[in-house]
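So this one's protein_37.pdb, PDB, C-alpha atoms and all ligand atoms:
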ATOM      1  CA  MET A   1     -46.697  32.989 -49.730  1.00  0.00           C
ATOM      2  CA  ASN A   2     -45.737  33.728 -46.105  1.00  0.00           C
ATOM      3  CA  VAL A   3     -48.417  34.442 -43.528  1.00  0.00           C
ATOM      4  CA  SER A   4     -48.629  34.540 -39.750  1.00  0.00           C
ATOM      5  CA  LEU A   5     -51.569  32.937 -38.017  1.00  0.00           C
ATOM      6  CA  ASP A   6     -52.382  34.860 -34.833  1.00  0.00           C
ATOM      7  CA  ILE A   7     -54.434  32.286 -32.915  1.00  0.00           C
ATOM      8  CA  LEU A   8     -56.383  32.919 -29.722  1.00  0.00           C
ATOM      9  CA  ARG A   9     -55.612  29.760 -27.773  1.00  0.00           C
ATOM     10  CA  MET A  10     -56.603  28.423 -24.359  1.00  0.00           C
ATOM     11  CA  ASP A  11     -54.092  27.273 -21.754  1.00  0.00           C
ATOM     12  CA  ARG A  12     -55.241  23.688 -21.127  1.00  0.00           C
ATOM     13  CA  GLU A  13     -54.605  23.592 -17.367  1.00  0.00           C
ATOM     14  CA  LYS A  14     -55.250  27.164 -16.247  1.00  0.00           C
ATOM     15  CA  ARG A  15     -58.049  27.763 -18.805  1.00  0.00           C
ATOM     16  CA  ILE A  16     -56.563  31.176 -19.585  1.00  0.00           C
ATOM     17  CA  PRO A  17     -56.720  32.496 -23.178  1.00  0.00           C
ATOM     18  CA  TYR A  18     -53.495  33.656 -24.838  1.00  0.00           C
ATOM     19  CA  HIS A  19     -52.339  34.631 -28.339  1.00  0.00           C
ATOM     20  CA  GLN A  20     -49.831  32.542 -30.246  1.00  0.00           C
ATOM     21  CA  ILE A  21     -48.411  33.734 -33.571  1.00  0.00           C
ATOM     22  CA  ILE A  22     -47.360  30.930 -35.900  1.00  0.00           C
ATOM     23  CA  PRO A  23     -45.493  31.678 -39.154  1.00  0.00           C
ATOM     24  CA  PHE A  24     -46.750  29.586 -42.084  1.00  0.00           C
ATOM     25  CA  GLU A  25     -45.271  29.279 -45.557  1.00  0.00           C
ATOM     26  CA  THR A  26     -46.936  27.743 -48.603  1.00  0.00           C
ATOM     27  CA  GLU A  27     -46.532  27.663 -52.371  1.00  0.00           C
ATOM     28  CA  ASP A  28     -50.136  26.541 -52.887  1.00  0.00           C
ATOM     29  CA  GLU A  29     -52.482  29.365 -53.924  1.00  0.00           C
ATOM     30  CA  ARG A  30     -55.541  27.321 -52.923  1.00  0.00           C
ATOM     31  CA  GLU A  31     -54.427  26.834 -49.311  1.00  0.00           C
ATOM     32  CA  THR A  32     -57.215  27.520 -46.803  1.00  0.00           C
ATOM     33  CA  VAL A  33     -57.216  28.191 -43.059  1.00  0.00           C
ATOM     34  CA  ALA A  34     -58.322  24.553 -42.616  1.00  0.00           C
ATOM     35  CA  THR A  35     -55.455  23.106 -44.669  1.00  0.00           C
ATOM     36  CA  ALA A  36     -52.975  25.407 -42.898  1.00  0.00           C
ATOM     37  CA  LEU A  37     -54.177  24.246 -39.457  1.00  0.00           C
ATOM     38  CA  THR A  38     -53.981  20.618 -40.605  1.00  0.00           C
ATOM     39  CA  ALA A  39     -50.415  21.119 -41.891  1.00  0.00           C
ATOM     40  CA  ILE A  40     -49.299  22.844 -38.663  1.00  0.00           C
ATOM     41  CA  ASN A  41     -50.786  20.064 -36.526  1.00  0.00           C
ATOM     42  CA  ALA A  42     -49.117  17.408 -38.698  1.00  0.00           C
ATOM     43  CA  ASP A  43     -45.644  18.979 -38.288  1.00  0.00           C
ATOM     44  CA  PRO A  44     -43.970  17.941 -34.990  1.00  0.00           C
ATOM     45  CA  ASP A  45     -41.207  20.558 -35.462  1.00  0.00           C
ATOM     46  CA  VAL A  46     -43.355  23.651 -35.918  1.00  0.00           C
ATOM     47  CA  SER A  47     -42.551  26.640 -33.655  1.00  0.00           C
ATOM     48  CA  ASP A  48     -44.184  29.998 -33.048  1.00  0.00           C
ATOM     49  CA  ASN A  49     -42.622  33.429 -33.718  1.00  0.00           C
ATOM     50  CA  THR A  50     -40.691  33.249 -30.412  1.00  0.00           C
ATOM     51  CA  GLY A  51     -39.223  29.829 -31.209  1.00  0.00           C
ATOM     52  CA  LYS A  52     -41.503  27.986 -28.779  1.00  0.00           C
ATOM     53  CA  PRO A  53     -42.764  24.564 -29.978  1.00  0.00           C
ATOM     54  CA  VAL A  54     -46.454  24.637 -30.954  1.00  0.00           C
ATOM     55  CA  GLU A  55     -48.793  22.256 -29.167  1.00  0.00           C
ATOM     56  CA  PRO A  56     -51.461  20.768 -31.495  1.00  0.00           C
ATOM     57  CA  ILE A  57     -54.200  23.355 -32.127  1.00  0.00           C
ATOM     58  CA  VAL A  58     -57.664  22.171 -31.155  1.00  0.00           C
ATOM     59  CA  TRP A  59     -60.295  22.900 -33.822  1.00  0.00           C
ATOM     60  CA  GLU A  60     -63.120  20.977 -35.487  1.00  0.00           C
ATOM     61  CA  CYS A  61     -63.697  19.849 -39.058  1.00  0.00           C
ATOM     62  CA  SER A  62     -65.380  17.039 -40.893  1.00  0.00           C
ATOM     63  CA  CYS A  63     -66.345  17.462 -44.550  1.00  0.00           C
ATOM     64  CA  LEU A  64     -63.735  20.091 -45.566  1.00  0.00           C
ATOM     65  CA  GLN A  65     -66.124  21.151 -48.328  1.00  0.00           C
ATOM     66  CA  LYS A  66     -68.566  23.660 -46.766  1.00  0.00           C
ATOM     67  CA  LYS A  67     -71.162  21.030 -46.001  1.00  0.00           C
ATOM     68  CA  CYS A  68     -71.070  20.352 -42.240  1.00  0.00           C
ATOM     69  CA  GLY A  69     -70.427  23.724 -40.542  1.00  0.00           C
ATOM     70  CA  ALA A  70     -68.045  22.171 -37.989  1.00  0.00           C
ATOM     71  CA  CYS A  71     -65.070  24.420 -38.819  1.00  0.00           C
ATOM     72  CA  ALA A  72     -66.839  27.754 -38.126  1.00  0.00           C
ATOM     73  CA  MET A  73     -64.599  30.256 -36.279  1.00  0.00           C
ATOM     74  CA  ARG A  74     -63.798  33.981 -36.294  1.00  0.00           C
ATOM     75  CA  ILE A  75     -61.348  34.684 -39.110  1.00  0.00           C
ATOM     76  CA  ASN A  76     -59.976  38.228 -39.214  1.00  0.00           C
ATOM     77  CA  GLY A  77     -62.804  39.170 -36.861  1.00  0.00           C
ATOM     78  CA  ARG A  78     -65.706  37.740 -38.909  1.00  0.00           C
ATOM     79  CA  PRO A  79     -67.424  34.372 -38.501  1.00  0.00           C
ATOM     80  CA  ALA A  80     -66.580  32.054 -41.413  1.00  0.00           C
ATOM     81  CA  LEU A  81     -65.794  28.454 -42.309  1.00  0.00           C
ATOM     82  CA  ALA A  82     -62.083  27.597 -42.111  1.00  0.00           C
ATOM     83  CA  CYS A  83     -62.403  25.190 -45.054  1.00  0.00           C
ATOM     84  CA  ASP A  84     -63.802  28.000 -47.216  1.00  0.00           C
ATOM     85  CA  ALA A  85     -61.339  30.737 -46.191  1.00  0.00           C
ATOM     86  CA  LYS A  86     -58.473  30.974 -48.675  1.00  0.00           C
ATOM     87  CA  LEU A  87     -55.257  32.453 -47.245  1.00  0.00           C
ATOM     88  CA  ARG A  88     -54.699  34.576 -50.363  1.00  0.00           C
ATOM     89  CA  ASP A  89     -58.088  36.286 -49.836  1.00  0.00           C
ATOM     90  CA  LEU A  90     -57.291  37.081 -46.198  1.00  0.00           C
ATOM     91  CA  THR A  91     -54.106  39.028 -46.757  1.00  0.00           C
ATOM     92  CA  ASP A  92     -53.700  42.298 -48.609  1.00  0.00           C
ATOM     93  CA  GLY A  93     -50.034  41.989 -49.489  1.00  0.00           C
ATOM     94  CA  LYS A  94     -48.909  44.405 -46.756  1.00  0.00           C
ATOM     95  CA  ASN A  95     -50.611  42.795 -43.794  1.00  0.00           C
ATOM     96  CA  ALA A  96     -49.968  39.049 -43.808  1.00  0.00           C
ATOM     97  CA  VAL A  97     -51.311  38.397 -40.302  1.00  0.00           C
ATOM     98  CA  ILE A  98     -54.521  36.340 -40.164  1.00  0.00           C
ATOM     99  CA  THR A  99     -56.339  36.256 -36.833  1.00  0.00           C
ATOM    100  CA  LEU A 100     -58.178  33.096 -35.771  1.00  0.00           C
ATOM    101  CA  GLU A 101     -60.452  33.064 -32.726  1.00  0.00           C
ATOM    102  CA  PRO A 102     -63.192  30.762 -31.451  1.00  0.00           C
ATOM    103  CA  LEU A 103     -66.819  31.896 -31.931  1.00  0.00           C
ATOM    104  CA  ARG A 104     -67.718  34.119 -28.962  1.00  0.00           C
ATOM    105  CA  LYS A 105     -71.386  33.241 -28.506  1.00  0.00           C
ATOM    106  CA  PHE A 106     -70.651  29.676 -27.363  1.00  0.00           C
ATOM    107  CA  PRO A 107     -68.559  28.186 -24.519  1.00  0.00           C
ATOM    108  CA  VAL A 108     -64.968  27.471 -25.614  1.00  0.00           C
ATOM    109  CA  VAL A 109     -63.962  23.820 -25.274  1.00  0.00           C
ATOM    110  CA  ALA A 110     -60.309  24.437 -26.213  1.00  0.00           C
ATOM    111  CA  ASP A 111     -58.500  26.785 -28.645  1.00  0.00           C
ATOM    112  CA  LEU A 112     -60.794  27.208 -31.699  1.00  0.00           C
ATOM    113  CA  MET A 113     -63.340  24.561 -30.702  1.00  0.00           C
ATOM    114  CA  VAL A 114     -66.634  25.649 -29.134  1.00  0.00           C
ATOM    115  CA  ASP A 115     -69.638  23.806 -27.742  1.00  0.00           C
ATOM    116  CA  ARG A 116     -72.587  24.715 -30.012  1.00  0.00           C
ATOM    117  CA  SER A 117     -75.114  22.422 -28.344  1.00  0.00           C
ATOM    118  CA  ILE A 118     -77.236  25.481 -27.426  1.00  0.00           C
ATOM    119  CA  MET A 119     -78.292  25.616 -31.108  1.00  0.00           C
ATOM    120  CA  TYR A 120     -79.621  22.068 -30.979  1.00  0.00           C
ATOM    121  CA  GLU A 121     -81.314  22.722 -27.634  1.00  0.00           C
ATOM    122  CA  ASN A 122     -83.066  25.709 -29.229  1.00  0.00           C
ATOM    123  CA  LEU A 123     -84.302  23.548 -32.104  1.00  0.00           C
ATOM    124  CA  LYS A 124     -85.622  21.050 -29.574  1.00  0.00           C
ATOM    125  CA  GLN A 125     -87.444  23.845 -27.759  1.00  0.00           C
ATOM    126  CA  ILE A 126     -89.123  24.991 -30.961  1.00  0.00           C
ATOM    127  CA  GLY A 127     -89.956  21.368 -31.791  1.00  0.00           C
ATOM    128  CA  VAL A 128     -88.286  21.277 -35.206  1.00  0.00           C
ATOM    129  CA  TRP A 129     -89.087  17.763 -36.346  1.00  0.00           C
ATOM    130  CA  LEU A 130     -91.792  15.957 -38.290  1.00  0.00           C
ATOM    131  CA  ARG A 131     -94.065  13.612 -36.361  1.00  0.00           C
ATOM    132  CA  ASP A 132     -95.831  12.442 -39.501  1.00  0.00           C
ATOM    133  CA  GLU A 133     -95.411  12.434 -43.242  1.00  0.00           C
ATOM    134  CA  ALA A 134     -94.511  15.732 -44.865  1.00  0.00           C
ATOM    135  CA  ASN A 135     -97.195  17.494 -46.850  1.00  0.00           C
ATOM    136  CA  LEU A 136     -95.089  19.360 -49.355  1.00  0.00           C
ATOM    137  CA  THR A 137     -96.619  21.057 -52.373  1.00  0.00           C
ATOM    138  CA  GLN A 138     -94.697  22.349 -55.364  1.00  0.00           C
ATOM    139  CA  GLU A 139     -95.634  25.876 -54.336  1.00  0.00           C
ATOM    140  CA  LYS A 140     -93.862  25.493 -50.947  1.00  0.00           C
ATOM    141  CA  TYR A 141     -90.970  23.408 -52.197  1.00  0.00           C
ATOM    142  CA  ASP A 142     -88.508  26.282 -52.784  1.00  0.00           C
ATOM    143  CA  LEU A 143     -88.942  27.654 -49.271  1.00  0.00           C
ATOM    144  CA  ALA A 144     -88.622  24.213 -47.666  1.00  0.00           C
ATOM    145  CA  TYR A 145     -85.515  23.426 -49.716  1.00  0.00           C
ATOM    146  CA  GLU A 146     -83.854  26.714 -48.727  1.00  0.00           C
ATOM    147  CA  GLY A 147     -84.664  25.976 -45.074  1.00  0.00           C
ATOM    148  CA  SER A 148     -83.080  22.521 -45.329  1.00  0.00           C
ATOM    149  CA  ARG A 149     -79.698  23.919 -46.406  1.00  0.00           C
ATOM    150  CA  CYS A 150     -78.717  25.207 -42.942  1.00  0.00           C
ATOM    151  CA  LEU A 151     -75.397  23.740 -41.690  1.00  0.00           C
ATOM    152  CA  GLN A 152     -75.956  24.761 -38.045  1.00  0.00           C
ATOM    153  CA  CYS A 153     -72.520  26.387 -38.174  1.00  0.00           C
ATOM    154  CA  GLY A 154     -73.524  29.295 -35.906  1.00  0.00           C
ATOM    155  CA  CYS A 155     -71.972  32.100 -38.027  1.00  0.00           C
ATOM    156  CA  CYS A 156     -75.307  33.962 -38.146  1.00  0.00           C
ATOM    157  CA  LEU A 157     -75.637  33.789 -34.345  1.00  0.00           C
ATOM    158  CA  GLU A 158     -72.127  35.157 -33.921  1.00  0.00           C
ATOM    159  CA  ILE A 159     -73.009  38.310 -35.854  1.00  0.00           C
ATOM    160  CA  CYS A 160     -76.524  38.769 -34.410  1.00  0.00           C
ATOM    161  CA  PRO A 161     -76.814  41.559 -31.799  1.00  0.00           C
ATOM    162  CA  ASN A 162     -79.911  39.948 -30.268  1.00  0.00           C
ATOM    163  CA  PHE A 163     -78.709  36.369 -29.774  1.00  0.00           C
ATOM    164  CA  TYR A 164     -77.011  35.128 -26.615  1.00  0.00           C
ATOM    165  CA  ALA A 165     -76.659  31.595 -25.286  1.00  0.00           C
ATOM    166  CA  GLY A 166     -79.329  30.811 -22.706  1.00  0.00           C
ATOM    167  CA  GLY A 167     -81.826  33.424 -23.960  1.00  0.00           C
ATOM    168  CA  THR A 168     -85.205  32.574 -25.500  1.00  0.00           C
ATOM    169  CA  PHE A 169     -84.315  33.986 -28.938  1.00  0.00           C
ATOM    170  CA  ALA A 170     -83.104  31.173 -31.235  1.00  0.00           C
ATOM    171  CA  GLY A 171     -81.761  33.470 -34.004  1.00  0.00           C
ATOM    172  CA  THR A 172     -81.299  32.674 -37.660  1.00  0.00           C
ATOM    173  CA  ALA A 173     -79.961  29.175 -36.984  1.00  0.00           C
ATOM    174  CA  GLY A 174     -83.347  28.558 -35.330  1.00  0.00           C
ATOM    175  CA  PHE A 175     -85.598  30.148 -37.907  1.00  0.00           C
ATOM    176  CA  VAL A 176     -84.044  28.663 -41.063  1.00  0.00           C
ATOM    177  CA  PRO A 177     -84.849  25.009 -40.152  1.00  0.00           C
ATOM    178  CA  THR A 178     -88.219  26.120 -38.727  1.00  0.00           C
ATOM    179  CA  VAL A 179     -89.207  27.589 -42.106  1.00  0.00           C
ATOM    180  CA  ARG A 180     -88.840  24.149 -43.598  1.00  0.00           C
ATOM    181  CA  LEU A 181     -91.138  22.661 -40.994  1.00  0.00           C
ATOM    182  CA  ILE A 182     -93.743  25.382 -41.351  1.00  0.00           C
ATOM    183  CA  SER A 183     -93.796  24.709 -45.085  1.00  0.00           C
ATOM    184  CA  GLU A 184     -94.350  20.983 -44.607  1.00  0.00           C
ATOM    185  CA  LEU A 185     -96.833  20.810 -41.740  1.00  0.00           C
ATOM    186  CA  THR A 186    -100.582  21.334 -41.727  1.00  0.00           C
ATOM    187  CA  GLY A 187    -103.395  21.683 -39.134  1.00  0.00           C
ATOM    188  CA  LYS A 188    -102.690  21.567 -35.402  1.00  0.00           C
ATOM    189  CA  GLU A 189     -98.980  20.764 -35.757  1.00  0.00           C
ATOM    190  CA  ARG A 190     -98.471  23.757 -38.046  1.00  0.00           C
ATOM    191  CA  ARG A 191    -100.259  26.019 -35.570  1.00  0.00           C
ATOM    192  CA  GLU A 192     -97.978  24.745 -32.768  1.00  0.00           C
ATOM    193  CA  VAL A 193     -94.811  25.436 -34.734  1.00  0.00           C
ATOM    194  CA  LYS A 194     -96.116  28.863 -35.726  1.00  0.00           C
ATOM    195  CA  ARG A 195     -96.713  29.623 -32.053  1.00  0.00           C
ATOM    196  CA  ALA A 196     -93.144  28.520 -31.214  1.00  0.00           C
ATOM    197  CA  TYR A 197     -91.857  30.610 -34.123  1.00  0.00           C
ATOM    198  CA  ARG A 198     -93.496  33.730 -32.714  1.00  0.00           C
ATOM    199  CA  ARG A 199     -92.124  33.034 -29.237  1.00  0.00           C
ATOM    200  CA  TYR A 200     -88.568  31.892 -29.993  1.00  0.00           C
ATOM    201  CA  ILE A 201     -87.888  33.780 -33.207  1.00  0.00           C
ATOM    202  CA  TYR A 202     -90.198  36.630 -34.197  1.00  0.00           C
ATOM    203  CA  ASN A 203     -90.439  38.287 -30.778  1.00  0.00           C
ATOM    204  CA  GLY A 204     -86.652  38.369 -30.240  1.00  0.00           C
ATOM    205  CA  CYS A 205     -85.543  39.427 -33.719  1.00  0.00           C
ATOM    206  CA  GLY A 206     -84.711  43.124 -34.107  1.00  0.00           C
ATOM    207  CA  LYS A 207     -84.979  42.827 -37.960  1.00  0.00           C
ATOM    208  CA  SER A 208     -81.603  44.584 -38.281  1.00  0.00           C
ATOM    209  CA  LEU A 209     -80.518  42.031 -40.894  1.00  0.00           C
ATOM    210  CA  ALA A 210     -76.927  42.044 -39.639  1.00  0.00           C
ATOM    211  CA  CYS A 211     -77.114  38.334 -40.489  1.00  0.00           C
ATOM    212  CA  ARG A 212     -78.104  38.980 -44.126  1.00  0.00           C
ATOM    213  CA  ASP A 213     -74.759  38.380 -45.859  1.00  0.00           C
ATOM    214  CA  ILE A 214     -72.917  36.147 -43.421  1.00  0.00           C
ATOM    215  CA  CYS A 215     -74.259  32.667 -44.209  1.00  0.00           C
ATOM    216  CA  PRO A 216     -71.472  30.450 -45.670  1.00  0.00           C
ATOM    217  CA  ALA A 217     -74.122  28.188 -47.207  1.00  0.00           C
ATOM    218  CA  GLY A 218     -75.337  31.183 -49.225  1.00  0.00           C
ATOM    219  CA  ILE A 219     -78.871  31.018 -47.807  1.00  0.00           C
ATOM    220  CA  ASP A 220     -80.862  34.122 -48.760  1.00  0.00           C
ATOM    221  CA  ILE A 221     -81.709  35.023 -45.174  1.00  0.00           C
ATOM    222  CA  GLU A 222     -83.636  38.215 -45.944  1.00  0.00           C
ATOM    223  CA  HIS A 223     -85.909  36.430 -48.413  1.00  0.00           C
ATOM    224  CA  LEU A 224     -86.457  33.576 -45.982  1.00  0.00           C
ATOM    225  CA  LEU A 225     -87.139  35.867 -43.024  1.00  0.00           C
ATOM    226  CA  VAL A 226     -89.699  37.921 -44.954  1.00  0.00           C
ATOM    227  CA  ASN A 227     -91.490  34.769 -46.110  1.00  0.00           C
ATOM    228  CA  SER A 228     -91.381  32.941 -42.783  1.00  0.00           C
ATOM    229  CA  ASN A 229     -92.643  36.001 -40.884  1.00  0.00           C
ATOM    230  CA  ALA A 230     -95.489  36.282 -43.393  1.00  0.00           C
ATOM    231  CA  ILE A 231     -96.464  32.633 -42.920  1.00  0.00           C
ATOM    232  CA  ALA A 232     -95.909  32.339 -39.162  1.00  0.00           C
ATOM    233  CA  VAL A 233     -97.076  35.738 -37.993  1.00  0.00           C
ATOM    234  CA  TRP A 234     -99.373  37.339 -40.530  1.00  0.00           C
ATOM    235  CA  LYS A 235    -101.203  34.419 -42.195  1.00  0.00           C
ATOM    236  CA  LYS A 236    -104.106  32.936 -40.261  1.00  0.00           C
ATOM    237  CA  ASN A 237    -103.498  29.258 -41.147  1.00  0.00           C
TER     238      ASN A 237
HETATM  239  S1  LIG B 301     -82.342  40.226 -38.374  1.00  0.00           S
HETATM  240 FE1  LIG B 301     -80.947  41.015 -36.761  1.00  0.00          FE
HETATM  241  S2  LIG B 301     -81.842  40.304 -34.813  1.00  0.00           S
HETATM  242 FE2  LIG B 301     -82.835  39.127 -36.474  1.00  0.00          FE
HETATM  243  S3  LIG B 301     -81.646  37.225 -36.624  1.00  0.00           S
HETATM  244 FE3  LIG B 301     -80.729  38.687 -38.111  1.00  0.00          FE
HETATM  245  S4  LIG B 301     -79.087  39.757 -37.000  1.00  0.00           S
HETATM  246 FE4  LIG B 301     -80.373  38.724 -35.464  1.00  0.00          FE
HETATM  247  S1  LIG B 302     -78.359  29.987 -41.465  1.00  0.00           S
HETATM  248 FE1  LIG B 302     -76.352  29.921 -42.486  1.00  0.00          FE
HETATM  249  S2  LIG B 302     -74.983  30.964 -41.034  1.00  0.00           S
HETATM  250 FE2  LIG B 302     -76.799  30.385 -39.870  1.00  0.00          FE
HETATM  251  S3  LIG B 302     -76.328  28.390 -38.957  1.00  0.00           S
HETATM  252 FE3  LIG B 302     -77.405  28.001 -40.921  1.00  0.00          FE
HETATM  253  S4  LIG B 302     -75.744  27.772 -42.412  1.00  0.00           S
HETATM  254 FE4  LIG B 302     -74.824  28.748 -40.608  1.00  0.00          FE
HETATM  255  S1  LIG B 303     -65.217  21.104 -42.331  1.00  0.00           S
HETATM  256 FE1  LIG B 303     -67.311  20.915 -42.907  1.00  0.00          FE
HETATM  257  S2  LIG B 303     -67.854  22.972 -43.361  1.00  0.00           S
HETATM  258 FE2  LIG B 303     -65.718  23.126 -42.983  1.00  0.00          FE
END
Taking this structure as input, can you express it in the form of structure tokens?
Amino acid sequence: MNVSLDILRMDREKRIPYHQIIPFETEDERETVATALTAINADPDVSDNTGKPVEPIVWECSCLQKKCGACAMRINGRPALACDAKLRDLTDGKNAVITLEPLRKFPVVADLMVDRSIMYENLKQIGVWLRDEANLTQEKYDLAYEGSRCLQCGCCLEICPNFYAGGTFAGTAGFVPTVRLISELTGKERREVKRAYRRYIYNGCGKSLACRDICPAGIDIEHLLVNSNAIAVWKKN
């Protein structure tokens, strides 16, 4: 299989973005965007479509098995995990160009690597941590478990029309972990988190559900949103 990776890169010194098209050939049907980037970076002789040598491409990864969220980027215009994006699924036979860009809602560090610390700052603002022992009942277990599966990859924020870095709305990456906390807390602490939920999540969400099908962890965002709104906004305790 022959593909071309059209990568939106960043000139290191001038900090100016530019496109570089890198031809890539593989016999392996299971090759992903992550394995292709690794192979290109490991090859000192690789050149782009103009014959220019390719400087190592800056991107992030860790687990390479859809568990850490580090490799999130825009692939053919949609946020996705590079380690989960198979090259054969990204080409249609006629068009073998695959575009790779950094996520747009976060500051670009270099090439495909962004600084997603705003997500963690948002979680700190909401206060998403346990100060005491969890009080989890069987009835709430499913919701709490679903909430604990978030990778903090940022794909849902990328697609959300209401989220922007520096705003008060924390988006789906904020509400998913908060659901877990709401399920586990009781009394005053639960009331505090519910108040933060209304401020940082419910009030900013347009309920468009553009984020519904984007989660690479397969979290059922619509189900979670309906349930967390019911608990945090409509239930008294
Ligand atoms: S429902 Fe719409 S506004 Fe709310 S988090 Fe999802 S994409 Fe964003
Ligand atoms: S909810 Fe899904 S898409 Fe959003 S940050 Fe968590 S794992 Fe990523
Ligand atoms: S490297 Fe961990 S999710 Fe892709």
Item to complete: Figure out the distance between atom CA of Gln65 of chain A and atom CA of Val226 of chain A, please, to one decimal in Å.
Response: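 Interatomic distance here is 29.1 Å.
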Discussion item. Just want the 12 Å neighbourhood of Asp213 of chain A, counted on all atoms listed in the file, with same-chain residues fewer than 2 positions away dropped. Output as a PyMOL selection string.
Written reply: chain A and resi 78-80+155-156+159-160+172+208-211+215-223
Worksheet item: Could you name the residues that touch Ala85 of chain A at 9 Å or less, counting only C-alpha atoms, but leaving out those on the same chain fewer than 4 positions away, as a list of chain:residue names?
Response: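 So the residues in contact are A:Glu31, A:Thr32, A:Val33, A:Ala34, A:Ile75, A:Ala80, A:Leu81, A:Asp89, A:Leu90.
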Residues from the last selection, C-alpha atoms, saved as a compact mmCIF listing (two decimals), keeping the file's coordinate frame:
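again_7.txt written:
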# COMPACT_ATOMS: atom_id res chain seq x y z
CA GLU A 31 -54.43 26.83 -49.31
CA THR A 32 -57.22 27.52 -46.80
CA VAL A 33 -57.22 28.19 -43.06
CA ALA A 34 -58.32 24.55 -42.62
CA ILE A 75 -61.35 34.68 -39.11
CA ALA A 80 -66.58 32.05 -41.41
CA LEU A 81 -65.79 28.45 -42.31
CA ASP A 89 -58.09 36.29 -49.84
CA LEU A 90 -57.29 37.08 -46.20
Fill in: A:Asn2, A:Ser228, A:Asn203, A:Thr35 ranked by distance to ligand LIG 303 (chain B), top pick (using only C-alpha atoms and all ligand atoms)
A:Thr35
Worksheet entry | Spatial neighbours of segment 11-24 of chain A, 10 Å, only C-alpha atoms, chain gap at least 2 places, as number ranges by chain | A: 1-9, 26, 36-37, 39-40, 46-54, 96-101, 108-111
Fill in: Pairwise distance for atom CA of Asp115 of chain A and atom CA of Arg212 of chain A, rounded to one decimal in Å
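Going from atom CA of Asp115 of chain A over to atom CA of Arg212 of chain A covers 23.9 Å.
With distances restricted to all atoms listed in the file, A:Phe175 is the closest residue to ligand LIG 301 (chain B) from A:Tyr197, A:Phe175, A:Trp234, A:Tyr141.
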Discussion item. One decimal, in Å: what's the spacing between atom CA of Lys105 of chain A and atom CA of Arg195 of chain A?
Written reply: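 Atom-to-atom, atom CA of Lys105 of chain A and atom CA of Arg195 of chain A are spaced 25.8 Å apart.
Residue selection for this entry, given the PyMOL selection byres (((chain A and resi 102) around 6) and not hetatm), comprises Met73, Arg74, Glu101, Leu103 and Leu112 of chain A.
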Worksheet item: Nearest to Lys124 of chain A: which of A:Ala72, A:Ile231, A:Val176, A:Ala170 is it, counting only C-alpha atoms?
Response: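 Among the listed residues, the smallest separation from Lys124 of chain A belongs to A:Ala170.
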Write out as a Markdown table a residue-level contact list of chain A versus ligand LIG 303 (chain B) with cut-off 8 Å: for each qualifying residue the closest pair of atoms and the distance in Å to one decimal, counting only C-alpha atoms and all ligand atoms, rows sorted by chain and residue number upward.
| residue | atom | partner | partner_atom | distance |
| --- | --- | --- | --- | --- |
| A:Ala34 | CA | B:LIG303 | FE2 | 7.5 |
| A:Glu60 | CA | B:LIG303 | S1 | 7.2 |
| A:Cys61 | CA | B:LIG303 | S1 | 3.8 |
| A:Ser62 | CA | B:LIG303 | S1 | 4.3 |
| A:Cys63 | CA | B:LIG303 | FE1 | 3.9 |
| A:Leu64 | CA | B:LIG303 | S1 | 3.7 |
| A:Gln65 | CA | B:LIG303 | FE1 | 5.6 |
| A:Lys66 | CA | B:LIG303 | S2 | 3.5 |
| A:Lys67 | CA | B:LIG303 | S2 | 4.7 |
| A:Cys68 | CA | B:LIG303 | FE1 | 3.9 |
| A:Gly69 | CA | B:LIG303 | S2 | 3.9 |
| A:Ala70 | CA | B:LIG303 | FE1 | 5.1 |
| A:Cys71 | CA | B:LIG303 | FE2 | 4.4 |
| A:Ala72 | CA | B:LIG303 | FE2 | 6.8 |
| A:Leu81 | CA | B:LIG303 | FE2 | 5.4 |
| A:Ala82 | CA | B:LIG303 | FE2 | 5.8 |
| A:Cys83 | CA | B:LIG303 | FE2 | 4.4 |
| A:Asp84 | CA | B:LIG303 | FE2 | 6.7 |
| A:Leu151 | CA | B:LIG303 | S2 | 7.8 |
| A:Cys153 | CA | B:LIG303 | S2 | 7.8 |
Practice prompt. Taking (-98.2, 25.7, -42.3) in the file's own coordinates, collect the residues within 12 Å, counting all atoms listed in the file, and hand them back as JSON, numbers by chain.
Written response: {"A": [134, 135, 136, 137, 140, 143, 144, 178, 179, 180, 181, 182, 183, 184, 185, 186, 187, 188, 189, 190, 191, 192, 193, 194, 195, 197, 227, 228, 229, 230, 231, 232, 233, 234, 235, 236, 237]}
Worksheet entry | Option closest in space to ligand LIG 302 (chain B), from A:Ser148, A:Asn162, A:Asn41, A:Thr168 [counting only C-alpha atoms and all ligand atoms] | A:Ser148
Give, as lines of an AutoDock Vina configuration file, the centre coordinates and the x, y and z edge lengths in Å to one decimal for an axis-aligned box around all listed atoms of ligand LIG 301 (chain B), padded by 3 Å on each side.
center_x = -81.0
center_y = 39.1
center_z = -36.6
size_x = 9.7
size_y = 9.8
size_z = 9.6
